[in-house]
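**Student:** If you scroll down you'll find the structure; I have some questions about it.
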Amino acid sequence: MSTVPLHRLAHARAGDKGNRLNLALVAHREQDWPLLAREVTEARVLALFAHRGATAVRRHDLPGLRAFNFVIEDVLQGGVNGALNLDGHGKTLSYLLLGMPVETGAG
Amino acid sequence: MPLGSDPTALLRIGCGSGFSGDRLDAPGPVADALIAAGGPAALMLEVLGERTLALAQRERRQKPEAGYEPALLELLSPILQRCVAAGIPIVTNGGAANPRAAAHAVLGLARQLGLTGLRIGVVEGDDIRGTDALDDLDPWEGDAGAVLEPDQVIAANVYLGAAPIAEALRQGAEVVITGRCSDPALALGPMLAHFGWDEADWDRLAAGTMAGHLLECGSQVTGGYFADPGIKDIPDDALGMATLGFPIAEIGADGAVLITKPAGTGGRVDRRSVTEQLLYELHDPGAYLTPDVVMDITGVTITEEAPDRVRLHGARGRARPERLKATVSLPGGWLGEGEISYAGPNARARAELAGRTLLERLRLLGLDGKSRLDLIGVVSVFGGDDKDDGFASVDAEVPQDIRLRLAFASDSRAAAERAAREVLSLYCCGPAGGGGVRTRVTDRIRTLSFLVPRGRLAPRVTLLSLEDAA
């Protein structure tokens, strides 16, 4: 087994609507999509954002785009109009996701 | 070639601005490329944020001729004359809270430029503040439980669709100025005017909406908001990111969509840049709700046809929603912020001491509000508001250059100002070696979304010309 940061296998972009964040996660290589599907679960993403008050995560699978769309509820602590965070949009949070360690199963 | 004169011809839609703070010189190369390509084309400028609109509404109440995007004339002046001469309509939501005043300002610009006979289409009807369209609305699902207090409303605007824009273009508008409408509608409007698609041709409307969605953030599809050195690089030719080319969509009568950018500009259009933007700000990719159609992109495929030319297939559409989303802006209290730097030996300990000191001061002063500390350089944007143990659990390499930040939200302006001042006071009363204090106090606006039945809305199109402005 070897563990790598998700950043090695995928890229991501964050978008906000109110207190809801979406993270698009896209595999660099088509063949890595199943590995990401196994590793980057709703539960793990919820745990990653728990310290910011996230209450629910929904993962939408888009294998034809080599992608996933994560929708995370209540994670922006007020959103762009209410947050105390410097980044009220949560735009930087794509890279919090990309820091997640994943098991590649090779090794 | 005017829109609609040959509905079988390919339509090009360029986007010269993707948000209210975008590069002011971006539209020029897009306009040049559309003119050089010949054939039917339109240029969209998306400049309207939620907060922008609320501030514009306040400004309009002070000054009846104000309330539109302040940079609108600066964006338009380099391109207006040559787009009009080439028959390329410009569509913008820069009307903000006052599209009619924006139109008069653009007519004034046209007169200065020596244009004669300019026709501007003004789209109104999105502004429902103070009307009974706001009565008894259900909140949007993301704001479940929200209750509307009508006397608190600063701005209330419905996201209109593409139909009024298309109507203005059919009436001969060379510039169309709207207030709030869905961003993709700025692109879909010209498509409806050109191709004459049926308003229930859901798959084509979805394809057009997908193109508009890819265009609406400007360079975010052409290599902006994308570069990650060594992972996702932008080519260094053509000055790279300093001259990012803004996007152009080529749309076929059958709803074919290709995304590209002007030759000789920086950036890149590839599968990755397009995929990131396709999913940007989407929730359920099987049901993206717009005023014009419910878009399903779950079956979309992306093909790199040539360098900087990416084709998308397979958007599907379903019947448009019966209710439209309205954004309601309300007073959101005050935010006081202050920052101070600590660097060199023991920087982290001094910054943490400054933070503890600030929290103790806020407690002693009895200020009513909610505070947050950041140690910029150790942990800031990723962190939550509540750090029960201070920063003790944050195990970072020993940083040598840290900026402590206090944020304090309150309903009281005086309390927010006092909290920010406490950071300033750290110059003399804080730990050793603090410097570079900046403080600011922001008047905040909070927004909620509600759903408005279509029957309550009456979008209007008015054509104004230079003669009206005389």
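Each chain of the structure tokens is named A, B, ... in the order shown, its residues numbered from 1; ligands are numbered from 1 in display order.
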Tell me, which residues of chain A carry DSSP helix (DSSP H, G or I), written as a ChimeraX atom specification?
**Tutor:** /A:6-8,30-39,42-48,50-52,63-65,91-98
**Student:** Please, could you write that set of residues out with C-alpha atoms as a PDB file, in the first residue's frame?
**Tutor:**
ATOM      1  CA  LEU A   6      -5.141  13.472  -3.570  1.00  0.00           C
ATOM      2  CA  HIS A   7      -3.378  16.389  -5.299  1.00  0.00           C
ATOM      3  CA  ARG A   8      -1.197  13.831  -7.125  1.00  0.00           C
ATOM      4  CA  GLU A  30      -9.260   8.276 -16.580  1.00  0.00           C
ATOM      5  CA  GLN A  31      -7.985   5.032 -15.024  1.00  0.00           C
ATOM      6  CA  ASP A  32      -7.762   6.620 -11.559  1.00  0.00           C
ATOM      7  CA  TRP A  33     -11.484   7.392 -11.339  1.00  0.00           C
ATOM      8  CA  PRO A  34     -12.430   4.044  -9.664  1.00  0.00           C
ATOM      9  CA  LEU A  35      -9.672   4.507  -7.080  1.00  0.00           C
ATOM     10  CA  LEU A  36     -10.979   7.987  -6.277  1.00  0.00           C
ATOM     11  CA  ALA A  37     -14.519   6.597  -6.088  1.00  0.00           C
ATOM     12  CA  ARG A  38     -13.332   4.077  -3.495  1.00  0.00           C
ATOM     13  CA  GLU A  39     -11.173   6.474  -1.456  1.00  0.00           C
ATOM     14  CA  GLU A  42     -18.915  11.176   1.423  1.00  0.00           C
ATOM     15  CA  ALA A  43     -18.014  10.137   4.977  1.00  0.00           C
ATOM     16  CA  ARG A  44     -14.343  11.028   4.588  1.00  0.00           C
ATOM     17  CA  VAL A  45     -15.153  14.398   3.051  1.00  0.00           C
ATOM     18  CA  LEU A  46     -17.631  15.140   5.836  1.00  0.00           C
ATOM     19  CA  ALA A  47     -14.938  14.315   8.415  1.00  0.00           C
ATOM     20  CA  LEU A  48     -12.451  16.562   6.615  1.00  0.00           C
ATOM     21  CA  ALA A  50     -16.326  18.732  10.325  1.00  0.00           C
ATOM     22  CA  HIS A  51     -14.256  21.443  12.079  1.00  0.00           C
ATOM     23  CA  ARG A  52     -16.055  24.015   9.946  1.00  0.00           C
ATOM     24  CA  PRO A  63     -17.475   8.972 -14.714  1.00  0.00           C
ATOM     25  CA  GLY A  64     -17.882  10.313 -18.265  1.00  0.00           C
ATOM     26  CA  LEU A  65     -16.166  13.509 -17.145  1.00  0.00           C
ATOM     27  CA  LYS A  91     -12.643  29.243  -2.667  1.00  0.00           C
ATOM     28  CA  THR A  92      -9.428  27.937  -1.104  1.00  0.00           C
ATOM     29  CA  LEU A  93     -11.150  24.788   0.176  1.00  0.00           C
ATOM     30  CA  SER A  94     -10.544  22.900  -3.079  1.00  0.00           C
ATOM     31  CA  TYR A  95      -6.984  22.542  -1.813  1.00  0.00           C
ATOM     32  CA  LEU A  96      -8.091  21.331   1.620  1.00  0.00           C
ATOM     33  CA  LEU A  97      -9.726  18.440  -0.251  1.00  0.00           C
ATOM     34  CA  LEU A  98      -6.620  17.929  -2.424  1.00  0.00           C
TER      35      LEU A  98
END
**Student:** Any chance you could tabulate, as a tab-separated table, the residues of chain B at most 8 Å from chain A with each one's nearest atom pair and distance in Å to one decimal, using only C-alpha atoms, in chain and rising number order?
**Tutor:**
residue	atom	partner	partner_atom	distance
B:Gly142	CA	A:Gly18	CA	7.2
B:Asp143	CA	A:Gly18	CA	7.9
B:Arg272	CA	A:Val26	CA	7.8
B:Thr275	CA	A:Leu65	CA	7.0
B:Glu276	CA	A:Arg13	CA	6.0
B:Leu279	CA	A:Ala24	CA	6.0
B:Tyr280	CA	A:Gly15	CA	5.6
B:Glu281	CA	A:Gly15	CA	4.4
B:Leu282	CA	A:Asn22	CA	6.7
B:His283	CA	A:Val71	CA	6.1
B:Asp284	CA	A:His60	CA	7.0
B:Pro285	CA	A:His60	CA	7.3
B:Thr298	CA	A:Leu62	CA	6.2
B:Gly299	CA	A:Gly64	CA	6.9
B:Val300	CA	A:Gly64	CA	7.0
B:Thr301	CA	A:Gly64	CA	6.2
B:Ile302	CA	A:Leu65	CA	7.2
B:Gly332	CA	A:Gly82	CA	7.2
B:Leu335	CA	A:Leu84	CA	7.9
B:Ser371	CA	A:Leu84	CA	7.5
B:Arg372	CA	A:Leu84	CA	6.5
B:Ser380	CA	A:Leu86	CA	7.5
B:Val381	CA	A:Asp87	CA	5.8
B:Phe382	CA	A:Leu93	CA	6.6
B:Gly383	CA	A:Arg52	CA	6.9
B:Gly384	CA	A:Arg52	CA	4.4
B:Asp385	CA	A:Leu84	CA	7.1
B:Ala407	CA	A:Leu84	CA	5.8
B:Phe408	CA	A:Leu84	CA	7.1
B:Ala409	CA	A:Leu84	CA	7.0
B:Arg444	CA	A:Asn81	CA	6.6
B:Ile445	CA	A:Asn81	CA	6.0
B:Arg446	CA	A:Asn81	CA	5.2
B:Thr447	CA	A:Asn81	CA	7.1
B:Leu448	CA	A:Gly18	CA	7.8
**Student:** Quick one: pull the distance between CA of Ile128 in chain B and CA of Tyr159 in chain B, Å, one decimal.
**Tutor:**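 Result for CA of Ile128 in chain B versus CA of Tyr159 in chain B: 10.8 Å, one decimal.
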**Student:** With a distance cut-off of 12 Å and only C-alpha atoms, select the neighbouring residues of Ala26 in chain B, excluding the residue or stretch itself and same-chain residues fewer than 4 positions from it, and output the selection as a PyMOL selection string.
**Tutor:** chain B and resi 14-19+21-22+30-32+43-46+74-76+78-79+218-219+242-247+261-262+265-266
**Student:** I need the strand (DSSP E) residues of range 52-95 of chain A per DSSP on the backbone, written as a list in words.
**Tutor:** Ala56, Val57, Arg58, Arg59, His60, Asp61, Leu62, Ala67, Phe68, Asn69, Phe70, Val71, Ile72 and Glu73 of chain A
**Student:** Could those selected residues go to a file with C-alpha atoms, as a compact mmCIF listing (two decimals), in the first residue's frame?
**Tutor:**
# COMPACT_ATOMS: atom_id res chain seq x y z
CA ALA A 56 -23.92 16.72 5.18
CA VAL A 57 -22.05 15.73 2.04
CA ARG A 58 -23.56 14.45 -1.18
CA ARG A 59 -21.28 13.01 -3.88
CA HIS A 60 -22.50 13.06 -7.48
CA ASP A 61 -20.54 10.66 -9.72
CA LEU A 62 -19.65 11.75 -13.26
CA ALA A 67 -15.15 13.70 -12.17
CA PHE A 68 -17.16 13.89 -8.95
CA ASN A 69 -19.17 16.78 -7.61
CA PHE A 70 -19.27 17.07 -3.82
CA VAL A 71 -21.99 19.26 -2.32
CA ILE A 72 -21.21 20.15 1.29
CA GLU A 73 -23.85 21.74 3.51
**Student:** Any idea what the distance is between CA of Gln62 in chain B and CA of Arg129 in chain B?
**Tutor:**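 Pair CA of Gln62 in chain B / CA of Arg129 in chain B returns 16.1 Å.
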